[in-house]
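A short write-up of the structure that comes next.
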Amino acid sequence: MNFAKSILVVLIGLILNAAALAEFGDSKESHGDKPNIIVILADDLGYGDVGCYGASSIPTPNIDRIAAEGIRFTSGYCSASTCTPTRYSLLTGKYAFRQKGTGVAPPNSPSIIPAGTPTIASVLQSAGYKTSVIGKWHLGLGGPNGPDWNGTLRPGPLDFGFNHCLLLPTTNDRVPQVFVENDRVLGLDPNDPLWVGDKSPSEDHPTGITHRNELKMNWSHGHNATIHNGVSRIGFYTGGQSARFRDEDLSDRWIESANQWISNHRQTPFFMLFCSHAIHVPRVVHERFAGATKHGPRGDAIVELDWCVGEIRRSLEANKLDRNTLILFCSDNGPVLDDGYEDSAIEALGNHDPNGPLRGGKYNVYEGGTRTPMIAWWPGKIQPRTSDQIMCTIDYARTAATLAGVQVPPGAFQDSQDLSQVLFDPNASGRSELVQQDNGQAGNFGYREGRWKLLLSNAQRASNVELRLVPTKIPKLQLFDLQSDLGENQNVIDEHRDIADGMLERLQKIIE
Ligand code: NG6
Ligand code: CA
C-alpha cells in the first residue's frame, strides 16, 4: 500500500468512527445523570436454581456473569410467593395485602391496579423516561367487566405509565395464548373473534379431559380445559387463531421486541420491565433448548431464561448503553416442581436443589417462597461484590425514582424504600424489616428483622414446604434465627417469646 492510499484508509476510518459516535452519541451525556433501568423478572425461579447461587448442573453463564460483575444479593426478596401480588408490589411500591383481589389473577381478570395509581413506570415517565413492559403481565386488563379481547384493553399498562408493551396477558398455563401489543390483541382477525370464558363454550369443545391422550404435555392437576399447541390450560377459549402464538417462541419474540425497543430508545433514558415466562408451567422451551440439561423442561427453561439475560446484555453493548444501564434481576416467587403438568420436574431433579439452603418455595412464606436470586449490574458504577443487605422488589420503585432524580408523588410507594445507596456504598444498610406474604387470602405472613424471622400462619398449614404440593401442618406462630438456622428447621419461639411478641406487634402494625 503506498503512502497516499494508507492516509486515505486512515481518514475513512476516522470519518466512520466519528459517524458512529454521532449516531450513538455519548449516551451518558445525552441522558444527563439518568441511567437506563431494566428489571428482568424471572418466573418461579428458586434461590438455588442458577450457578451463582449454587446450582452445579444447570449452566447459567449469562446470569453468573452479571452477578460476578455486579452485586449478588444473598438477602434479596420478592414481596410475595405468588406472581400477581409480587408484580403488583413491584409496580406500585405497595404491599399487595393492602389491596383486595391481588391474588393470582384468572384469565378474565379486570385490571387489578386501580386507575390513577402511580407506578414505577409512571414516575419514571414523569422524569422523561421512555417505558416498556415486555413479557408476562398477569395483573388483569380492562374495566370492571374484564378484558374486551376484541376491542381496546384499557385500563392496562398504557394507563400505568408504560409507553409500550408486548404482553402475555395472564400466565401461560391460563388462556388465551395471544400477545397484547399496547392495548390490543396483536394480529387478531376481526372475522375470527377471540372468546375467553370459565365454562366450556360447547359440549364438543376439546379439552385436556376429553382429548387427554393427544396432549404433548400431560396435566397432573388443574390445567385440563382448552387445548392449544398440544397443551391444555386453565380456562376456555375459542377463535383468535391468527393471533395465537406457539409456546416455544415466547422468549424469542420478547427478546426480539426488547432488543428493538432498546435500540430505538438509545437516545433517551428508558425503563424496561422484562418479564420472562421461564420457568413457569407449562415449561415448553424452544426446540434449541430442549435437552440442554439433564433435569427435563424445568432445567432447560432455566437455560432459556439465561439466554434472555445474555441477549439483553448484548443488546446494551451493541448500542453502547452498557455503562449507563442498571439491570436488576430477580424472580417473582420461589420454586415449585410439579405445578400442574407432568414435565419430569420431580423425576429428573437429581441432586439439583431449587431452593438451595432455604426451606419452602412458591405459595408459602418460608424463606424459599420469597428469597430470590437478586442481582444488580451497572458496570463502572457498581463495584462487584456479594451483599447480605436486605432488599426487596418492592423497593425498586423508590430506588429507581431516586436514580432518575424525580420526586415520588405524595402518598405513592407507601412501602417502598430508597435503597440506592446500597447499590453504591458497601457500608450502606438495606431494609431493617420486611413483610413477606403468600397469595394473600389466608393471612399468612413472614416477617424478617435482621437475623430473626417470624412466621405467622393463620391457616396453620402451608403448601410446597418440601417442594411438593402436599399441605403441611405448621404452628400458628414460629420464630427462626436465620443466622444459625437459615433452613428454618428449629422453631425457637419458646426460648425467645419476648422477641416473637415484639415482632408480632410490629408486624401487625404494618399490616393494619
Ligand atoms: C395455581 C395453578 C398453578 C399456577 C399458579 C399461579 C392450579 C392447580 N395451579 O392456581 O399452576 O398457575 O396458580 O402461578 O391451577 S403464578 O406464578 O402465576 O402465581
Ligand atoms: Ca410466578
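Residues in the C-alpha cells are named by chain (A, B, ... in the order shown) and by number from 1 within that chain; ligands are numbered from 1 in the order shown.
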
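Secondary structure of segment 87-264 of chain A, strand (DSSP E) only (DSSP, backbone atoms): Lys130, Thr131, Ser132, Val133, Ile134, Gly135, Lys136, His164, Cys165, Leu166, Leu167, Leu168, Val180, Glu181, Arg184, Val185, Trp195, Val196, Gly197, Ile227, His228, Val231, Ser232, Phe236, Tyr237 and Thr238 of chain A.
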
For the selection you just gave me, I'd like the residues written to a file as a tab-separated table (two decimals), in the first residue's frame, keeping N, CA, C and O atoms.
chain	number	residue	atom	x	y	z
A	130	LYS	N	-38.61	6.90	28.66
A	130	LYS	CA	-39.50	6.08	27.85
A	130	LYS	C	-39.60	4.73	28.56
A	130	LYS	O	-38.61	4.24	29.13
A	131	THR	N	-40.77	4.13	28.52
A	131	THR	CA	-41.01	2.97	29.37
A	131	THR	C	-41.67	1.83	28.59
A	131	THR	O	-42.53	2.07	27.75
A	132	SER	N	-41.27	0.63	28.90
A	132	SER	CA	-41.84	-0.53	28.20
A	132	SER	C	-41.95	-1.71	29.14
A	132	SER	O	-41.10	-1.90	30.01
A	133	VAL	N	-43.02	-2.47	28.98
A	133	VAL	CA	-43.10	-3.75	29.68
A	133	VAL	C	-43.26	-4.84	28.62
A	133	VAL	O	-44.13	-4.75	27.75
A	134	ILE	N	-42.40	-5.83	28.71
A	134	ILE	CA	-42.40	-6.91	27.72
A	134	ILE	C	-42.44	-8.22	28.48
A	134	ILE	O	-41.65	-8.44	29.40
A	135	GLY	N	-43.40	-9.09	28.11
A	135	GLY	CA	-43.46	-10.41	28.74
A	135	GLY	C	-44.77	-10.63	29.46
A	135	GLY	O	-45.82	-10.12	29.07
A	136	LYS	N	-44.68	-11.39	30.56
A	136	LYS	CA	-45.91	-11.77	31.28
A	136	LYS	C	-46.43	-10.60	32.12
A	136	LYS	O	-45.69	-9.97	32.86
A	164	HIS	N	-45.14	1.56	25.99
A	164	HIS	CA	-45.17	0.42	25.06
A	164	HIS	C	-45.30	-0.87	25.86
A	164	HIS	O	-44.78	-0.97	26.98
A	165	CYS	N	-46.00	-1.85	25.27
A	165	CYS	CA	-45.93	-3.17	25.87
A	165	CYS	C	-46.12	-4.26	24.81
A	165	CYS	O	-46.74	-4.03	23.76
A	166	LEU	N	-45.54	-5.40	25.06
A	166	LEU	CA	-45.82	-6.61	24.28
A	166	LEU	C	-46.00	-7.72	25.32
A	166	LEU	O	-45.03	-8.21	25.90
A	167	LEU	N	-47.25	-8.08	25.54
A	167	LEU	CA	-47.56	-8.89	26.72
A	167	LEU	C	-48.16	-10.24	26.43
A	167	LEU	O	-48.92	-10.42	25.48
A	168	LEU	N	-47.87	-11.16	27.32
A	168	LEU	CA	-48.72	-12.32	27.54
A	168	LEU	C	-49.69	-11.84	28.63
A	168	LEU	O	-49.25	-11.50	29.73
A	180	VAL	N	-50.60	-9.21	23.62
A	180	VAL	CA	-51.25	-7.90	23.63
A	180	VAL	C	-50.16	-6.88	23.34
A	180	VAL	O	-49.15	-6.81	24.05
A	181	GLU	N	-50.34	-6.14	22.25
A	181	GLU	CA	-49.38	-5.07	21.94
A	181	GLU	C	-50.06	-3.75	22.24
A	181	GLU	O	-51.13	-3.46	21.67
A	184	ARG	N	-54.16	-3.71	22.40
A	184	ARG	CA	-54.99	-4.60	21.59
A	184	ARG	C	-54.32	-5.95	21.43
A	184	ARG	O	-53.09	-6.06	21.53
A	185	VAL	N	-55.14	-6.96	21.16
A	185	VAL	CA	-54.56	-8.27	20.84
A	185	VAL	C	-53.88	-8.15	19.48
A	185	VAL	O	-54.46	-7.62	18.52
A	195	TRP	N	-62.82	-15.44	22.03
A	195	TRP	CA	-63.74	-15.58	23.16
A	195	TRP	C	-63.00	-16.29	24.28
A	195	TRP	O	-62.36	-17.32	24.06
A	196	VAL	N	-63.10	-15.74	25.49
A	196	VAL	CA	-62.44	-16.33	26.66
A	196	VAL	C	-63.47	-16.48	27.78
A	196	VAL	O	-64.21	-15.53	28.05
A	197	GLY	N	-63.55	-17.64	28.40
A	197	GLY	CA	-64.54	-17.82	29.48
A	197	GLY	C	-64.14	-18.91	30.47
A	197	GLY	O	-63.14	-19.60	30.31
A	227	ILE	N	-57.39	-26.82	24.90
A	227	ILE	CA	-56.07	-27.26	24.41
A	227	ILE	C	-55.58	-26.27	23.36
A	227	ILE	O	-56.31	-25.92	22.44
A	228	HIS	N	-54.37	-25.82	23.52
A	228	HIS	CA	-53.71	-25.06	22.45
A	228	HIS	C	-52.28	-25.57	22.33
A	228	HIS	O	-51.61	-25.74	23.35
A	231	VAL	N	-51.18	-28.46	24.52
A	231	VAL	CA	-51.13	-28.29	25.98
A	231	VAL	C	-52.49	-27.77	26.45
A	231	VAL	O	-52.98	-26.76	25.93
A	232	SER	N	-53.09	-28.46	27.42
A	232	SER	CA	-54.37	-27.96	27.94
A	232	SER	C	-54.10	-26.96	29.05
A	232	SER	O	-53.09	-27.03	29.75
A	236	PHE	N	-61.16	-21.52	29.24
A	236	PHE	CA	-61.59	-21.91	27.89
A	236	PHE	C	-61.45	-20.75	26.93
A	236	PHE	O	-61.64	-19.60	27.32
A	237	TYR	N	-61.12	-21.05	25.69
A	237	TYR	CA	-61.18	-20.00	24.68
A	237	TYR	C	-61.39	-20.59	23.30
A	237	TYR	O	-61.09	-21.76	23.04
A	238	THR	N	-61.93	-19.74	22.44
A	238	THR	CA	-62.13	-20.10	21.04
A	238	THR	C	-61.73	-18.89	20.20
A	238	THR	O	-61.64	-17.77	20.69

Next item on the list: Could you give me, as a PyMOL selection string, every polymer residue with an atom at most 9 Å away from an atom of ligand 1, counting only C-alpha atoms and all ligand atoms?
Entry: chain A and resi 43-44+81-86+103-106+138+170-174+220-223+233-234+280-282+332-334+338-341+362-363+439

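Atom CA of Glu342 of chain A is positioned 17.1 Å from atom CA of Thr226 of chain A.
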
Item checked: 8 Å contact set for Phe97 of chain A, only C-alpha atoms, chain neighbours under 3 positions out, as an NGL selection string -> :A and (85 or 100 or 102 or 437 or 440 or 511)

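Residues lying within 10 Å of Ala400 of chain A, counting only C-alpha atoms and ignoring same-chain neighbours fewer than 6 positions away, are Lys34, Pro35, Asn36, Ile37, Ile120, Ala121, Val123, Leu124, Phe271, Leu326, Val406, Asp418, Leu419 and Ser420 of chain A.
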
Next item on the list: Please give the complete set of residues from segment 105-342 of chain A that DSSP, run on the backbone, assigns to helix (DSSP H, G or I), formatted as a PyMOL selection string.
Entry: chain A and resi 120-126+157-160+212-214+241-243+247-264+287-289+296-318

Next item on the list: Mind checking which residues fall within 8 Å of Gly54 of chain A, counting only C-alpha atoms, ignoring those fewer than 5 positions away in the same chain, and posting them as a ChimeraX atom specification?
Entry: /A:48-49,356

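Between atom CA of Ile382 of chain A and atom CA of Ala80 of chain A the interatomic distance comes to 27.1 Å.
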
Item checked: Polymer residues at most 8 Å from Leu90 of chain A, only C-alpha atoms, same-chain spacing of 5 or more positions, as a ChimeraX atom specification -> /A:79,120,393-397

Any chance you can output those residues with C-alpha atoms as a compact mmCIF listing (two decimals), in the first residue's frame?
# COMPACT_ATOMS: atom_id res chain seq x y z
CA SER A 79 -42.65 -9.42 48.15
CA ILE A 120 -42.51 2.86 38.98
CA THR A 393 -38.55 -5.92 44.71
CA ILE A 394 -40.99 -3.54 46.41
CA ASP A 395 -38.04 -1.18 46.88
CA TYR A 396 -37.30 -0.92 43.18
CA ALA A 397 -39.91 1.83 42.77

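The two atoms in question, atom CA of Trp452 of chain A and atom CA of Ile63 of chain A, are spaced 29.5 Å apart.
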
Next item on the list: Just the residues within 10 Å of Pro297 of chain A, please, counting only C-alpha atoms, with nothing from its chain fewer than 3 positions along; format it as a ChimeraX atom specification.
Entry: /A:279,281-285,289-294,300-303,343-345,348

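Closest approach to ligand 2 among A:Pro144, A:Gly46, A:Gly161, A:Gly151: A:Gly46, based on only C-alpha atoms and all ligand atoms.
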
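Using only C-alpha atoms and all ligand atoms, the nearest neighbour of ligand 2 within the list A:Arg72, A:Arg506, A:Arg431, A:His277 is A:His277.
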
Next item on the list: Identify which of the residues A:Gly143, A:Pro190, A:Pro61, A:Pro335 lies closest to Leu305 of chain A, counting only C-alpha atoms when measuring atom-to-atom distances.
Entry: A:Pro61

Next item on the list: Rank nothing, just name the residue among A:Leu215, A:Leu469, A:Leu479, A:Cys78 nearest to ligand 2, using only C-alpha atoms and all ligand atoms.
Entry: A:Cys78

Note to self: Just checking: using only C-alpha atoms and all ligand atoms, which residue out of A:Gly51, A:Gly411, A:Pro471, A:Gly361 ends up closest to ligand 2?
What the structure shows: A:Gly361
